[in-house]
Structures are given as structure tokens and as C-alpha cells.
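Asker: Next up is a structure, given as C-alpha cells.
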Amino acid sequence: MVTSSDTPTALNVDSLRADFPILGQMVHGDRPLSFLDNAASTQRPRQVIDAMSRVYEHDYANVHRGIHVLSERSTDLYEQARETVRQFVGARSVEEILFTSGTTASINLVARSWGDANLTAGDEILLTEMEHHSNLVPWQQLAERTGAVLRHIPITDDGHLELDSLDELLTERTKLLAVASVSNVLGTVNPIAELAQRAHAVGALVLVDAAQSVPHQVTDVEDLGVDFLAFSGHKMLGPSGVGVLYGRRELLEAMPPFLGGGSMIDEVFLDRFTPAELPNKFEAGTPPIVPVIGLAAAIDYLSGVSLPAIAAYESMLTNHAFDVLGAIDGLTILGPTADQRAGIVTFVLNGIHAHDVAQVVDRHGVAVRAGHHCTQPLHERLGHVATTRASFYLYNTREEIDRLGDAIHAVQKIFRRR
Amino acid sequence: MSLDEEEIYQEHVLDHYEDPYHRGTCVAATHADDGKNPLCGDIVRYELAIGDDGKIREIYFEGTGCCISQASASMLAEQMDGKTVDDISAFEASEMLEMFGARLTPNRQKCCLLPWRVLKSAVFSPLDGSDEDHVTERPAGPNLGEES
């Protein structure tokens, strides 16, 4: 494993890759696996897998209730993980870190709890055209329940938010701005701190879908000035089934519980209950104990490698992808230039459907994503029904991107035979 | 091209994709229906002229989408030209997959079966002002495009 370093380019990828058992395999016979589908979900290093196995083999019991040694150990590990997450995103206190099942659950929690309690007909929720379905549908449902109105920040043709439109879109009617920090399709890095400032100026709260940024760059919720921030474990070397909602303490304290059940209560009577304090108030039922502990191991791993080094390395990979893919006739990369985006490169090939691209590319051992990537409105805006996406992480190499390039040439050969 | 790719993108599949059978509109159409798989963006429409005896006198298709969906639509049009409504009703999904030939993963079977579903619906969707409300069901199967 690589140790942290001040030199951003100091990643030793060969040694990093040795930590990821899944990456060493051949697929479709003799093709080395090139896993370029990290925006969908990443792989896990041995350190994360071992941390989870260790809990199951030595420490596992339910948390927060048993008066016995295993429950105490599991509870300690679970609550230590909360502290690890708190430090990782720069929150003030562990009460501001809620464990959920993922980004989607985190956003739904805010929509159900804060939204139902605070929005009424005519209030406005400001979203953007580039949002993932998970940051659109919960607000559509909330609007349906409350009569609130949805508005959307448009995007430019090169995949940036039209910030000029904010003067008109942000008004005293705006109660919430919900926006992705990084587009899961275009790789666009949105100016969250600036957006938060402008939203707060009209009294709106700010929720950030940070699923595509927390794994790849340093996040500090205090610096960003956001009110809610959601992300998932499985996109950052952790297990699936766990996510995080950061919420400003005073907001979370004022919000009613969302899911009811065990753990989230202080006292229960036959006809009523009193809720627990934060963070338990929002963690009803048995939480994803081992995934939470696995997420903390993933954060330890990422911190050990160094997020600035990871970001710099991914930037190098993105540049290389622009060189390789940009040289292919008939291939169009969507979104901003390489220097203005995260490690996500989505493209279309003239006359060839994305699923046919992904199918052939897979036969070359290269895993990419094809489809609308849970952003149908964005694809509608861009004028494509389906696109192909390559997305990078710390263990990817230039050679893997070269293989993608070779595989795309093979795609073109099949569909341009005559 | 490697042998691997030939598993799916076989000669006869690409032939149908690049030089489809009866892609276009049917001027004398008596029946028509369309359907899509919004997750893939595949769209297929069949237009048919069906005789009083239930015989398919003309069959045309239109559509956009992946190679699998469009080649399947062409193969099915060719196969069913001159057959009867009963033949189409009796034609099973397994036969459609068998006719396609190349082995498909469950995800891509959905692309292949879209035209099959649309055609089965089209033969019961007359154009003569009958307001039968025919809604083509979305193909079942995993959400190929759903993820983040």
C-alpha cells in the first residue's frame, strides 16, 4: 500500500493494484480485466474485505443494545466509524453523521423528513438538468405531496451549469437547492461553495449529492458551507448497502424522525413514543453494521493513499483518455474539457448504439457503462438516448485506457465492414 | 474481428442490421403498434396489412436502437411475412431467441424480444378507428441502463 505523500503524482499504482484481488483476473479467456466502471461502483482492497471478515469472525453482534462483550466491540467499531467519517468530511460533530443505506436513502431522508415538515404549496425546490434520478425523483415526490414547485438550473452545451440563470431562479420562494457536486455523466465539477453562498443569500438550504466527489477529492462540509451532503460507500472502495447523510446539527435536531422503529426511540408507550437524540433518531432498526465498519476501513485506505494524490492521478488518466478517445474518428466526448472535469469520460460513437459499444468492448476485457446512467432528462437535453461511459479510480492505468481505445477501434471495424 | 465478437455480432445479424428486411412504412396498413424500451432507447414499430383470412399480406417495421433490437425486428418481419395472425400469436419467446441465433445474455435478450412483443400486440391493434387501447408492456428483465 502506498503511503501518503506531498507529491501528488506519487501513486505507485502497481503496488496499489496488488491490494485489489478482483483486478488481477482475466476475462473472456485471455483478456486482462480493465475495470473502467467506477462511477457506478468501485472495487474493494483486501484491507476493506479483511476488516469486514474480521468483524464477522471475532466481533460481530448487534450494536447499541447488548450487555455483552461482542455487542460492546461492535458498538465501538460502529461508533469509531462515525468518527472516521466525521473527520473525512470535516463535520463538526459525530451527531451530524447519519448512516443510511446509500446516497439515494440519504436524499430521501431529507425529502421525507425535512421536506414534509417544511414545504408548502408554492415553495420552490431548485435542481439542475444534470441530476441523477436519485436527486430528481425524491423531490418530484415531495412536490407531489406538498404542492411545492420544481425548477431547474439549465446546462450549457459543454456541460456546465448556466450560472447566469441563478439571478432569476433563486428567489425568496426557493427553499432548497439540491445539486450534484460532480456530474455522474459529464464529470462536470460544480462550484458548490459559490452555489451554497448564493442559495443561502435568499434563505434556501443546500443539499449536495456528493456520490461522485467524496471518493475522489477532499471534502470539507464547513468550507463548502452546505446544509446536507449525501454519499455512498460502494463508490469509494467500501461495501454496498451503506451511505452517509451529513446534516447540520440544528437542522437535524429540528427534523422529525423519518423511519420509525427500534433504536430511534427514547421511550415507547402503546400509543406514542419519544425520539432518541441524534444521530440515533435517524437510524431506526439494526443498521448496516459491518458495511459501516467496512466504509471506515475504505476511508482509512483512501486517507493512507492521500486524496490529493488520487485526484491528481485521475486527472492524468482523464487527460490520457481525452488523447486516446479524442483521436478516434466519429467519437464525440460529452461535457467539459479535460481540465474542468473529474475522472468520468462519457462519449457517443457515430451510428453505433452504446449497448453495442459496451458489448464489444466487454469482449476485450474492458468494463464500461452504457445507457442513460440514471440521467434520462440530461440525455434528453444532450439529444442522446444512450451513451457510453468510462470512469476511473486510483487503481486504473494508462494501459487500460489504451485497451479501451483499441476495443473501440474493434467496434468500429465490426459496424463498418462494408 | 475476433471470434468472441462473432458470437453475438454474427454475419446474419449484421446483415439484417445494415440491410434490413422491409424497413419502412406500409401504405396499406390495417394494423400497427409500437413500443419502446426507455432504458435502452430502443424503439420498434410494426405496420401490417392483414387480410380477412388473417393472413399477413404486408409487414414493415421502423425503429431506432441497438443492433440487436433492430436486427431482430428485421428477422421477425422476414419470418412472419405471409404467415397468419395465429402463427404470430403462437410464436414463442424461445423461438424468437432461437431464430436470432447468437447467444444473448439476459440483458440483451430484452433487446431481442422487444420487436417480438410489439408484433404480437400489433396484430391486435387495428388502425380503422377502433379505439382499442393497446399498450405494449415494457419488456421484463433487468434494467440495463439503470445505475449511477
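Ligands are numbered from 1 in the order shown, chains are lettered A, B, ... in the order of the C-alpha cells, and residues start at 1 in each chain.
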With only C-alpha atoms as the counted atoms, please give the residues lying no more than 8 Å from Leu394 in chain A, apart from itself and same-chain residues fewer than 5 positions off, as a CSV table (one decimal) with N, CA, C and O atoms, in the first residue's frame.

Answerer:
chain,number,residue,atom,x,y,z
A,13,VAL,N,1.0,2.7,-8.6
A,13,VAL,CA,-0.3,2.0,-9.0
A,13,VAL,C,-0.1,0.5,-9.0
A,13,VAL,O,-1.0,-0.3,-8.6
A,310,ILE,N,-4.7,11.1,-5.3
A,310,ILE,CA,-5.7,10.4,-6.1
A,310,ILE,C,-6.3,11.3,-7.2
A,310,ILE,O,-6.4,11.0,-8.3
A,313,TYR,N,-3.8,12.0,-9.9
A,313,TYR,CA,-3.6,10.8,-10.7
A,313,TYR,C,-4.8,10.7,-11.7
A,313,TYR,O,-4.6,10.4,-12.9
A,314,GLU,N,-6.0,10.8,-11.2
A,314,GLU,CA,-7.2,10.7,-12.0
A,314,GLU,C,-7.2,11.8,-13.1
A,314,GLU,O,-7.7,11.5,-14.2

Asker: Considering only C-alpha atoms, extract the chain A residues located within 8 Å of chain B and return them as a tab-separated table (two decimals) with N, CA and C atoms, in the first residue's frame.

Answerer:
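Saved the output as iface.tsv:
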chain	number	residue	atom	x	y	z
A	39	ALA	N	-17.65	4.89	-11.67
A	39	ALA	CA	-18.68	5.83	-11.28
A	39	ALA	C	-19.95	5.08	-10.88
A	40	ALA	N	-20.09	3.86	-11.37
A	40	ALA	CA	-21.23	3.04	-10.96
A	40	ALA	C	-20.95	2.40	-9.61
A	132	HIS	N	-28.72	13.19	-11.27
A	132	HIS	CA	-29.03	11.76	-11.25
A	132	HIS	C	-30.50	11.60	-10.82
A	184	ASN	N	-22.42	12.67	-12.75
A	184	ASN	CA	-22.03	11.28	-12.94
A	184	ASN	C	-21.93	10.91	-14.42
A	352	ILE	N	-23.51	4.10	-33.84
A	352	ILE	CA	-23.40	2.83	-33.12
A	352	ILE	C	-24.00	3.01	-31.73
A	353	HIS	N	-24.97	2.17	-31.41
A	353	HIS	CA	-25.66	2.27	-30.13
A	353	HIS	C	-24.70	1.93	-28.98
A	354	ALA	N	-24.87	2.65	-27.87
A	354	ALA	CA	-23.97	2.48	-26.72
A	354	ALA	C	-23.91	1.04	-26.22
A	355	HIS	N	-25.03	0.33	-26.31
A	355	HIS	CA	-25.03	-1.05	-25.82
A	355	HIS	C	-24.20	-1.96	-26.72
A	356	ASP	N	-24.19	-1.66	-27.99
A	356	ASP	CA	-23.33	-2.43	-28.89
A	356	ASP	C	-21.86	-2.11	-28.63
A	360	VAL	N	-19.15	-5.09	-27.20
A	360	VAL	CA	-17.92	-5.48	-27.87
A	360	VAL	C	-16.70	-5.14	-27.01
A	363	ARG	N	-15.97	-7.68	-24.51
A	363	ARG	CA	-15.29	-8.86	-25.02
A	363	ARG	C	-13.78	-8.66	-25.09
A	370	ALA	N	-22.98	1.53	-20.29
A	370	ALA	CA	-23.73	2.04	-21.43
A	370	ALA	C	-25.18	2.22	-21.03
A	371	GLY	N	-25.78	3.30	-21.49
A	371	GLY	CA	-27.18	3.55	-21.17
A	371	GLY	C	-27.37	5.02	-20.89
A	372	HIS	N	-28.33	5.31	-20.01
A	372	HIS	CA	-28.54	6.73	-19.69
A	372	HIS	C	-28.01	7.08	-18.31
A	373	HIS	N	-27.40	6.10	-17.63
A	373	HIS	CA	-26.72	6.34	-16.36
A	373	HIS	C	-27.61	7.06	-15.35
A	374	CYS	N	-28.89	6.68	-15.34
A	374	CYS	CA	-29.85	7.29	-14.39
A	374	CYS	C	-29.98	8.79	-14.57
A	385	VAL	N	-30.08	9.02	-26.61
A	385	VAL	CA	-30.84	8.10	-25.76
A	385	VAL	C	-29.91	7.30	-24.87
A	386	ALA	N	-28.72	7.05	-25.36
A	386	ALA	CA	-27.79	6.24	-24.57
A	386	ALA	C	-26.37	6.65	-24.92
A	410	ALA	N	-12.08	-1.80	-32.61
A	410	ALA	CA	-12.69	-3.08	-32.97
A	410	ALA	C	-14.20	-2.94	-33.18
A	413	LYS	N	-14.76	-1.47	-36.49
A	413	LYS	CA	-14.47	-2.43	-37.55
A	413	LYS	C	-15.69	-3.33	-37.81
A	414	ILE	N	-16.33	-3.75	-36.74
A	414	ILE	CA	-17.49	-4.63	-36.88
A	414	ILE	C	-18.63	-3.92	-37.62
A	415	PHE	N	-18.85	-2.67	-37.25
A	415	PHE	CA	-20.02	-1.99	-37.80
A	415	PHE	C	-19.72	-1.20	-39.07

Asker: Excluding Leu229 in chain A and its own-chain neighbours fewer than 5 positions away, which residues fall within 6 Å of it when counting only C-alpha atoms? Please give them as a CSV table (one decimal) with N, CA, C and O atoms, in the first residue's frame.

Answerer:
chain,number,residue,atom,x,y,z
A,207,LEU,N,-28.5,21.1,-0.4
A,207,LEU,CA,-28.2,19.6,-0.3
A,207,LEU,C,-27.3,19.3,-1.5
A,207,LEU,O,-27.6,19.6,-2.6
A,208,VAL,N,-26.2,18.6,-1.2
A,208,VAL,CA,-25.3,18.2,-2.2
A,208,VAL,C,-25.3,16.6,-2.4
A,208,VAL,O,-25.1,15.9,-1.4
A,245,LEU,N,-25.4,10.4,5.4
A,245,LEU,CA,-26.0,11.8,5.2
A,245,LEU,C,-25.4,12.7,6.3
A,245,LEU,O,-25.5,12.4,7.5
A,246,TYR,N,-24.7,13.7,5.8
A,246,TYR,CA,-24.3,14.7,6.7
A,246,TYR,C,-25.4,15.8,6.8
A,246,TYR,O,-25.9,16.1,5.7

Asker: Among range 88-214 of chain A, which ones does DSSP assign to strand (DSSP E or B) (computed from the backbone)? Answer as a ChimeraX atom specification.

Answerer: /A:97-100,124-128,149-153,155,161,174-180,182,188-189,205-209
